[in-house]
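Colleague: Quick one, entry-v1.cif (mmCIF, C-alpha atoms and all ligand atoms):
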data_start
#
loop_
_atom_site.label_atom_id
_atom_site.label_comp_id
_atom_site.auth_asym_id
_atom_site.auth_seq_id
_atom_site.Cartn_x
_atom_site.Cartn_y
_atom_site.Cartn_z
CA MET A 1 -44.33 0.18 -32.04
CA LYS A 2 -47.26 2.51 -32.79
CA ASN A 3 -49.59 1.86 -35.73
CA PHE A 4 -49.41 4.17 -38.74
CA LYS A 5 -52.19 5.29 -41.10
CA PHE A 6 -50.98 5.15 -44.71
CA VAL A 7 -52.00 7.85 -47.19
CA ASP A 8 -50.99 7.40 -50.82
CA ALA A 9 -50.27 10.95 -51.98
CA SER A 10 -50.63 10.25 -55.70
CA GLY A 11 -53.82 11.85 -57.01
CA LEU A 12 -54.70 13.24 -53.59
CA ASP A 13 -57.65 15.66 -53.43
CA THR A 14 -56.29 19.25 -53.06
CA ALA A 15 -58.27 20.03 -49.91
CA LEU A 16 -57.00 16.91 -48.15
CA ALA A 17 -53.44 17.51 -49.40
CA TYR A 18 -53.63 20.99 -47.84
CA LYS A 19 -54.87 19.59 -44.52
CA LEU A 20 -52.08 17.03 -44.51
CA VAL A 21 -49.22 19.41 -45.24
CA VAL A 22 -50.35 22.10 -42.80
CA GLY A 23 -50.76 19.47 -40.10
CA CYS A 24 -47.48 17.69 -40.82
CA VAL A 25 -45.17 20.63 -41.53
CA VAL A 26 -45.20 22.32 -38.13
CA PRO A 27 -44.51 24.70 -36.53
CA ARG A 28 -44.28 27.17 -39.41
CA PRO A 29 -42.83 30.68 -39.15
CA ILE A 30 -45.12 33.47 -40.30
CA ALA A 31 -44.19 36.09 -42.89
CA TRP A 32 -46.44 39.09 -42.30
CA ILE A 33 -45.97 40.61 -45.74
CA THR A 34 -46.47 44.22 -46.70
CA THR A 35 -46.74 45.16 -50.38
CA MET A 36 -47.85 48.22 -52.30
CA ASN A 37 -49.96 48.43 -55.43
CA ALA A 38 -49.24 50.71 -58.40
CA LYS A 39 -51.41 53.44 -56.81
CA GLY A 40 -49.43 53.32 -53.54
CA LEU A 41 -52.08 51.46 -51.49
CA VAL A 42 -50.40 49.32 -48.82
CA ASN A 43 -51.50 45.72 -48.28
CA ALA A 44 -50.65 43.40 -45.37
CA ALA A 45 -51.33 39.66 -45.02
CA PRO A 46 -49.78 36.65 -43.26
CA PHE A 47 -48.21 33.64 -45.00
CA SER A 48 -46.84 30.54 -43.31
CA SER A 49 -45.81 28.52 -46.35
CA TYR A 50 -42.55 30.35 -45.92
CA ASN A 51 -38.88 29.98 -45.04
CA TYR A 52 -35.42 31.18 -45.92
CA VAL A 53 -34.16 29.46 -49.06
CA ALA A 54 -30.63 30.84 -49.60
CA THR A 55 -27.90 32.76 -47.78
CA ASP A 56 -25.62 34.04 -50.56
CA PRO A 57 -27.33 36.39 -51.04
CA PRO A 58 -29.96 35.86 -48.35
CA MET A 59 -33.28 34.88 -49.88
CA LEU A 60 -36.75 34.07 -48.63
CA GLY A 61 -39.39 31.94 -50.33
CA VAL A 62 -43.13 32.25 -49.82
CA ASN A 63 -45.83 30.20 -51.47
CA ILE A 64 -48.92 32.23 -52.31
CA ALA A 65 -51.89 30.30 -53.67
CA SER A 66 -54.05 32.05 -56.25
CA LYS A 67 -57.77 32.38 -55.65
CA ALA A 68 -60.32 30.84 -58.06
CA HIS A 69 -60.77 34.22 -59.78
CA GLY A 70 -57.19 35.52 -59.77
CA LEU A 71 -54.14 36.44 -57.75
CA LYS A 72 -54.19 37.43 -54.08
CA ASP A 73 -53.39 41.13 -53.61
CA THR A 74 -49.96 40.30 -52.13
CA ALA A 75 -48.96 38.21 -55.16
CA ARG A 76 -50.27 40.76 -57.66
CA ASN A 77 -48.44 43.62 -55.92
CA ILE A 78 -45.17 41.64 -55.75
CA LEU A 79 -45.38 40.93 -59.49
CA GLU A 80 -46.33 44.55 -60.30
CA THR A 81 -43.65 46.27 -58.21
CA GLY A 82 -41.02 43.55 -57.67
CA GLU A 83 -40.87 44.49 -53.97
CA PHE A 84 -42.19 43.29 -50.62
CA VAL A 85 -41.32 43.44 -46.92
CA VAL A 86 -41.44 40.40 -44.64
CA ASN A 87 -42.32 41.54 -41.13
CA VAL A 88 -41.74 38.90 -38.48
CA ALA A 89 -44.91 38.14 -36.52
CA ASP A 90 -44.46 37.95 -32.76
CA VAL A 91 -46.89 37.01 -30.00
CA ASP A 92 -47.68 40.68 -29.26
CA ASN A 93 -48.75 41.24 -32.89
CA MET A 94 -50.72 38.02 -33.29
CA GLU A 95 -54.23 39.53 -33.16
CA LEU A 96 -53.49 42.20 -35.77
CA MET A 97 -51.56 39.77 -37.96
CA HIS A 98 -54.44 37.29 -37.82
CA ALA A 99 -57.02 40.00 -38.57
CA SER A 100 -55.05 41.05 -41.65
CA ALA A 101 -55.71 37.62 -43.24
CA ALA A 102 -59.32 38.64 -43.93
CA GLU A 103 -60.15 39.07 -47.61
CA PHE A 104 -60.27 42.84 -47.92
CA ASP A 105 -61.17 44.23 -51.37
CA ALA A 106 -58.14 45.04 -53.50
CA ASP A 107 -58.82 48.80 -53.21
CA VAL A 108 -58.99 48.64 -49.39
CA SER A 109 -55.77 48.83 -47.38
CA GLU A 110 -55.56 46.36 -44.48
CA THR A 111 -53.02 48.59 -42.79
CA SER A 112 -55.35 51.64 -42.82
CA SER A 113 -58.47 49.63 -41.95
CA LEU A 114 -56.84 47.83 -39.03
CA GLY A 115 -54.70 50.77 -37.86
CA ILE A 116 -51.40 48.96 -38.48
CA GLU A 117 -48.67 51.56 -38.04
CA LEU A 118 -46.18 51.77 -40.91
CA ILE A 119 -42.68 53.22 -41.18
CA PRO A 120 -40.67 53.81 -44.35
CA SER A 121 -38.22 51.23 -45.66
CA LEU A 122 -34.78 52.27 -46.81
CA LYS A 123 -34.19 50.30 -50.01
CA VAL A 124 -37.69 49.54 -51.27
CA LYS A 125 -40.80 51.72 -51.58
CA VAL A 126 -42.97 49.28 -49.61
CA PRO A 127 -43.19 50.40 -45.96
CA ARG A 128 -42.62 48.08 -43.00
CA ILE A 129 -44.79 47.39 -39.95
CA ALA A 130 -43.59 49.58 -37.09
CA HIS A 131 -44.43 47.17 -34.27
CA SER A 132 -42.90 44.10 -35.86
CA PRO A 133 -39.56 43.31 -34.12
CA ILE A 134 -37.82 42.39 -37.39
CA GLN A 135 -38.51 43.53 -40.94
CA MET A 136 -36.74 42.27 -44.06
CA GLU A 137 -36.89 44.38 -47.21
CA CYS A 138 -37.03 42.13 -50.29
CA ARG A 139 -36.78 42.39 -54.05
CA LEU A 140 -38.40 39.66 -56.14
CA ASP A 141 -35.77 37.34 -57.62
CA GLN A 142 -38.12 34.92 -59.34
CA SER A 143 -41.56 33.39 -59.17
CA VAL A 144 -41.95 29.69 -59.79
CA LYS A 145 -45.25 27.98 -60.53
CA LEU A 146 -45.44 24.75 -58.57
CA GLY A 147 -47.43 21.67 -59.57
CA VAL A 148 -50.61 21.88 -61.60
CA GLY A 149 -52.73 23.82 -59.11
CA ARG A 150 -52.69 27.39 -57.84
CA ASN A 151 -49.39 27.50 -55.95
CA VAL A 152 -46.64 29.93 -56.89
CA LEU A 153 -43.39 30.27 -54.96
CA TYR A 154 -42.15 33.87 -54.77
CA ILE A 155 -38.46 34.06 -54.03
CA GLY A 156 -37.16 37.38 -52.80
CA GLU A 157 -33.65 38.58 -52.12
CA ILE A 158 -33.36 40.29 -48.74
CA VAL A 159 -31.80 43.68 -49.43
CA ALA A 160 -32.05 45.07 -45.89
CA PHE A 161 -32.72 43.83 -42.35
CA HIS A 162 -34.19 45.95 -39.55
CA ILE A 163 -33.89 44.31 -36.13
CA TRP A 164 -34.81 45.76 -32.75
CA ASP A 165 -31.67 46.85 -30.90
CA GLU A 166 -32.39 44.67 -27.89
CA LEU A 167 -32.59 41.55 -30.09
CA PHE A 168 -29.36 41.95 -32.01
CA ASP A 169 -25.73 42.16 -30.84
CA GLY A 170 -24.38 42.83 -34.33
CA GLU A 171 -23.96 39.14 -35.12
CA ARG A 172 -26.67 37.02 -33.54
CA VAL A 173 -30.40 37.54 -33.27
CA ASP A 174 -31.90 36.61 -29.90
CA SER A 175 -34.68 34.46 -31.31
CA ILE A 176 -35.93 33.51 -27.84
CA LYS A 177 -36.44 37.11 -26.76
CA LEU A 178 -38.01 37.76 -30.17
CA ASN A 179 -40.98 35.66 -29.01
CA PRO A 180 -42.11 34.64 -32.52
CA VAL A 181 -45.55 33.22 -33.17
CA ALA A 182 -45.83 30.10 -35.32
CA ARG A 183 -48.65 28.45 -37.24
CA LEU A 184 -49.76 24.89 -36.54
CA GLY A 185 -52.38 22.79 -38.34
CA GLY A 186 -56.02 23.89 -38.14
CA PRO A 187 -56.72 27.28 -36.61
CA ASN A 188 -53.87 26.99 -34.12
CA TYR A 189 -50.90 29.20 -33.35
CA SER A 190 -48.09 28.54 -30.92
CA ALA A 191 -45.41 30.42 -29.04
CA LEU A 192 -41.99 29.01 -28.21
CA GLY A 193 -42.06 26.19 -25.69
CA GLN A 194 -39.14 24.37 -24.15
CA ILE A 195 -35.75 25.47 -25.52
CA PHE A 196 -33.00 22.87 -26.11
CA ASN A 197 -29.44 24.13 -26.39
CA LYS A 198 -27.32 21.77 -28.49
CA PRO A 199 -24.09 23.12 -29.99
CA MET A 200 -23.65 22.43 -33.71
CA ILE A 201 -21.96 19.09 -34.37
CA GLN A 202 -19.42 19.09 -37.19
CA LYS A 203 -17.45 15.91 -36.59
CA PRO A 204 -18.32 13.02 -34.32
CA PRO A 205 -16.18 13.73 -31.22
CA GLY A 206 -15.60 10.07 -30.54
CA GLY A 207 -15.33 8.72 -34.11
CA GLU A 208 -17.90 6.43 -35.71
CA GLY A 209 -18.57 4.48 -32.54
CA TRP A 210 -19.79 7.66 -30.91
CA VAL A 211 -22.54 8.08 -33.53
CA ASN A 212 -23.72 4.51 -32.86
CA GLN A 213 -23.76 5.20 -29.13
CA VAL A 214 -26.01 8.22 -29.70
CA PHE A 215 -28.43 6.12 -31.79
CA GLU A 216 -28.43 3.32 -29.25
CA SER A 217 -29.12 5.62 -26.31
CA THR A 218 -31.92 7.31 -28.30
CA LEU A 219 -33.48 3.98 -29.27
CA SER A 220 -33.36 2.68 -25.74
CA GLY A 221 -34.79 5.98 -24.45
CA LYS A 222 -31.72 6.56 -22.21
CA ASP A 223 -31.38 10.11 -23.51
CA LYS A 224 -34.95 11.01 -22.53
CA LYS A 225 -35.34 13.25 -19.50
C1 LIG B 301 -51.40 32.39 -40.20
C2 LIG B 301 -51.82 32.39 -41.64
C3 LIG B 301 -50.98 31.87 -42.60
C4 LIG B 301 -51.34 31.89 -43.95
N1 LIG B 301 -50.47 31.36 -44.87
C5 LIG B 301 -50.77 31.43 -46.18
C6 LIG B 301 -49.86 30.94 -47.16
O1 LIG B 301 -48.76 30.46 -46.85
N2 LIG B 301 -50.19 31.03 -48.48
C7 LIG B 301 -51.39 31.59 -48.87
O2 LIG B 301 -51.65 31.65 -50.08
N3 LIG B 301 -52.27 32.06 -47.97
C8 LIG B 301 -52.00 32.01 -46.64
N4 LIG B 301 -52.86 32.52 -45.71
C9 LIG B 301 -54.09 33.17 -46.18
C10 LIG B 301 -53.84 34.64 -46.60
O3 LIG B 301 -53.34 35.40 -45.51
C11 LIG B 301 -55.18 35.25 -47.06
O4 LIG B 301 -55.58 34.58 -48.25
C12 LIG B 301 -55.16 36.74 -47.27
O5 LIG B 301 -56.50 37.19 -47.45
C13 LIG B 301 -54.36 37.18 -48.47
O6 LIG B 301 -54.43 38.57 -48.50
P1 LIG B 301 -54.18 39.44 -49.79
O7 LIG B 301 -55.25 39.12 -50.81
O8 LIG B 301 -54.28 40.84 -49.25
O9 LIG B 301 -52.83 39.11 -50.31
C14 LIG B 301 -52.57 32.46 -44.35
C15 LIG B 301 -53.45 32.96 -43.37
C16 LIG B 301 -53.07 32.92 -42.03
C17 LIG B 301 -54.02 33.47 -40.99
#
Can the structure in the file be given as structure tokens, please?
Modeller:
Amino acid sequence: MKNFKFVDASGLDTALAYKLVVGCVVPRPIAWITTMNAKGLVNAAPFSSYNYVATDPPMLGVNIASKAHGLKDTARNILETGEFVVNVADVDNMELMHASAAEFDADVSETSSLGIELIPSLKVKVPRIAHSPIQMECRLDQSVKLGVGRNVLYIGEIVAFHIWDELFDGERVDSIKLNPVARLGGPNYSALGQIFNKPMIQKPPGGEGWVNQVFESTLSGKDKK
């Protein structure tokens, strides 16, 4: 058996807690979020503390940490307008997505400065990123302050999906062809690696004994290729 390092998480320093969660919770999908301020200026920034959180209706959750002197532009715009668009980041868009994480002044649009092409959304005023393979138009459902620090979870209801034709057959999204980019710990990104195809298991096909057999073969390494 390997040795483990133990970290007691009670009273953990915030900077170390951050390093631990971003290193342990991997790979993370990236929400490349567009928002608009009250004057119509469009903002874009990436967020990887993000996932879907409900399906009825479909909802996404993204955790945006405040800065020492106030809200990030994305958070402020979401609260002001109640709208945002989650553009899925793929490998082809990685450089632009990464560049949009820079701290631009609130009155400077990342999309204009970086030349990110926008197209109109259908149900919200916030435009979507033209070269992103999937865009999800969202309306803010609720914002939830988490813990005692600067984290706030913004939960949005997806009110419209836009998916490239070639990725969608009307029912399933081809997430392999999508070629998403993910965030790892430190300054690292990753693309998809090996794909494992395992059909969903609802009931053990061979009764309870079958489950034990699976555990035993895993423990003894028999299942390893
Ligand atoms: C890949 C990536 C993921 C990020 N994820 C988050 C995140 O989940 N939450 C967060 O608060 N900041 C995150 N950031 C940092 C924001 O993108 C950054 O603070 C940005 O300047 C915010 O822009 P805004 O002020 O225009 O909203 C991430 C940065 C990168 C490059």
Colleague: Residues within 6 Å of ligand LIG 301 (chain B), counting only C-alpha atoms and all ligand atoms: report them as number ranges by chain.
Modeller: A: 43-49, 63-65, 72-74, 98, 101-103, 183
Colleague: What's the 8 Å shell around Glu157 (chain A), counting all atoms listed in the file, without same-chain residues fewer than 5 positions away, as a count of residues only?
Modeller: 8
Colleague: Residues within 10 Å of Gly40 (chain A), please, as an mmCIF file with C-alpha atoms, keeping the file's coordinate frame. Count only C-alpha atoms; anything in the same chain fewer than 2 positions from it doesn't count.
Modeller:
data_model
loop_
_atom_site.group_PDB
_atom_site.id
_atom_site.type_symbol
_atom_site.label_atom_id
_atom_site.label_comp_id
_atom_site.auth_asym_id
_atom_site.auth_seq_id
_atom_site.Cartn_x
_atom_site.Cartn_y
_atom_site.Cartn_z
ATOM 1 C CA THR A 35 -46.740 45.160 -50.380
ATOM 2 C CA MET A 36 -47.850 48.220 -52.300
ATOM 3 C CA ASN A 37 -49.960 48.430 -55.430
ATOM 4 C CA ALA A 38 -49.240 50.710 -58.400
ATOM 5 C CA VAL A 42 -50.400 49.320 -48.820
ATOM 6 C CA ASN A 43 -51.500 45.720 -48.280
ATOM 7 C CA SER A 109 -55.770 48.830 -47.380
ATOM 8 C CA LYS A 125 -40.800 51.720 -51.580
ATOM 9 C CA VAL A 126 -42.970 49.280 -49.610
#
Colleague: Could you check which of A:Thr34, A:Asn151, A:Asn87, A:Ser112 is closest to Ile134 (chain A), using only C-alpha atoms?
Modeller: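 So, comparing all the options, the nearest one is A:Asn87.
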Colleague: Rank nothing, just name the residue among A:Leu146, A:Ile33, A:Lys177, A:Leu192 nearest to Pro127 (chain A), using all atoms listed in the file.
Modeller: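 The shortest atom-to-atom distance to Pro127 (chain A) comes from A:Ile33.
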Colleague: Report as a VMD selection string all protein, DNA and RNA residues lying within 12 Å of Leu71 (chain A), evaluated on all atoms listed in the file, omitting residues in the same chain fewer than 5 positions from it.
Modeller: chain A and resid 64 to 66 76 to 80 106 150 to 152
Colleague: Identify, on the basis of only C-alpha atoms, every residue whose closest approach to His162 (chain A) does not exceed 10 Å; exclude the query and any residue fewer than 5 positions from it along the same chain; express the result as a ChimeraX atom specification.
Modeller: /A:87,121-122,128,132-137,168
Colleague: In terms of the shortest atom-to-atom distance over only C-alpha atoms, which of A:Leu114, A:Ala9, A:Ile195, A:Ile129 is closest to Ser175 (chain A)?
Modeller: A:Ile195
Colleague: Please measure the separation of CA of Met97 (chain A) and CA of Trp32 (chain A), giving the value in Å to one decimal.
Modeller: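 We find that CA of Met97 (chain A) and CA of Trp32 (chain A) lie 6.7 Å from each other.
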Colleague: Which one is closest to Gln142 (chain A): A:Val62, A:Val91, A:Ala130, A:Ala68? Count all atoms listed in the file.
Modeller: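 Nearest candidate to Gln142 (chain A) out of A:Val62, A:Val91, A:Ala130, A:Ala68: A:Val62.
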Colleague: Find the residue from A:Val181, A:Ala75, A:Val22, A:Ile201 that sits nearest to Ser143 (chain A); use all atoms listed in the file when measuring.
Modeller: A:Ala75
Colleague: Mind pulling up the distance from CA of Phe196 (chain A) to CA of Asp174 (chain A)?
Modeller: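 Atom-to-atom, CA of Asp174 (chain A) to CA of Phe196 (chain A), that is 14.3 Å.
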Colleague: Identify which of the residues A:Lys39, A:Lys145, A:His131, A:Arg172 lies closest to Ile119 (chain A), counting all atoms listed in the file when measuring atom-to-atom distances.
Modeller: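 Once distances to Ile119 (chain A) are computed over all atoms listed in the file, the minimum belongs to A:His131.
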Colleague: One decimal, in Å: what's the spacing between CA of Tyr154 (chain A) and CA of Ile176 (chain A)?
Modeller: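 Going from CA of Tyr154 (chain A) over to CA of Ile176 (chain A), I get 27.6 Å.
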Colleague: Find the residues around Pro180 (chain A) up to 7 Å (only C-alpha atoms counted), leave out those fewer than 3 positions away in its own chain, and share them as a list of chain:residue names.
Modeller: A:Ala89, A:Asp90, A:Val91, A:Ala191
Colleague: With C-alpha atoms retained, could you export that selection as a compact mmCIF listing (two decimals), in the frame of the given file?
Modeller:
# COMPACT_ATOMS: atom_id res chain seq x y z
CA ALA A 89 -44.91 38.14 -36.52
CA ASP A 90 -44.46 37.95 -32.76
CA VAL A 91 -46.89 37.01 -30.00
CA ALA A 191 -45.41 30.42 -29.04
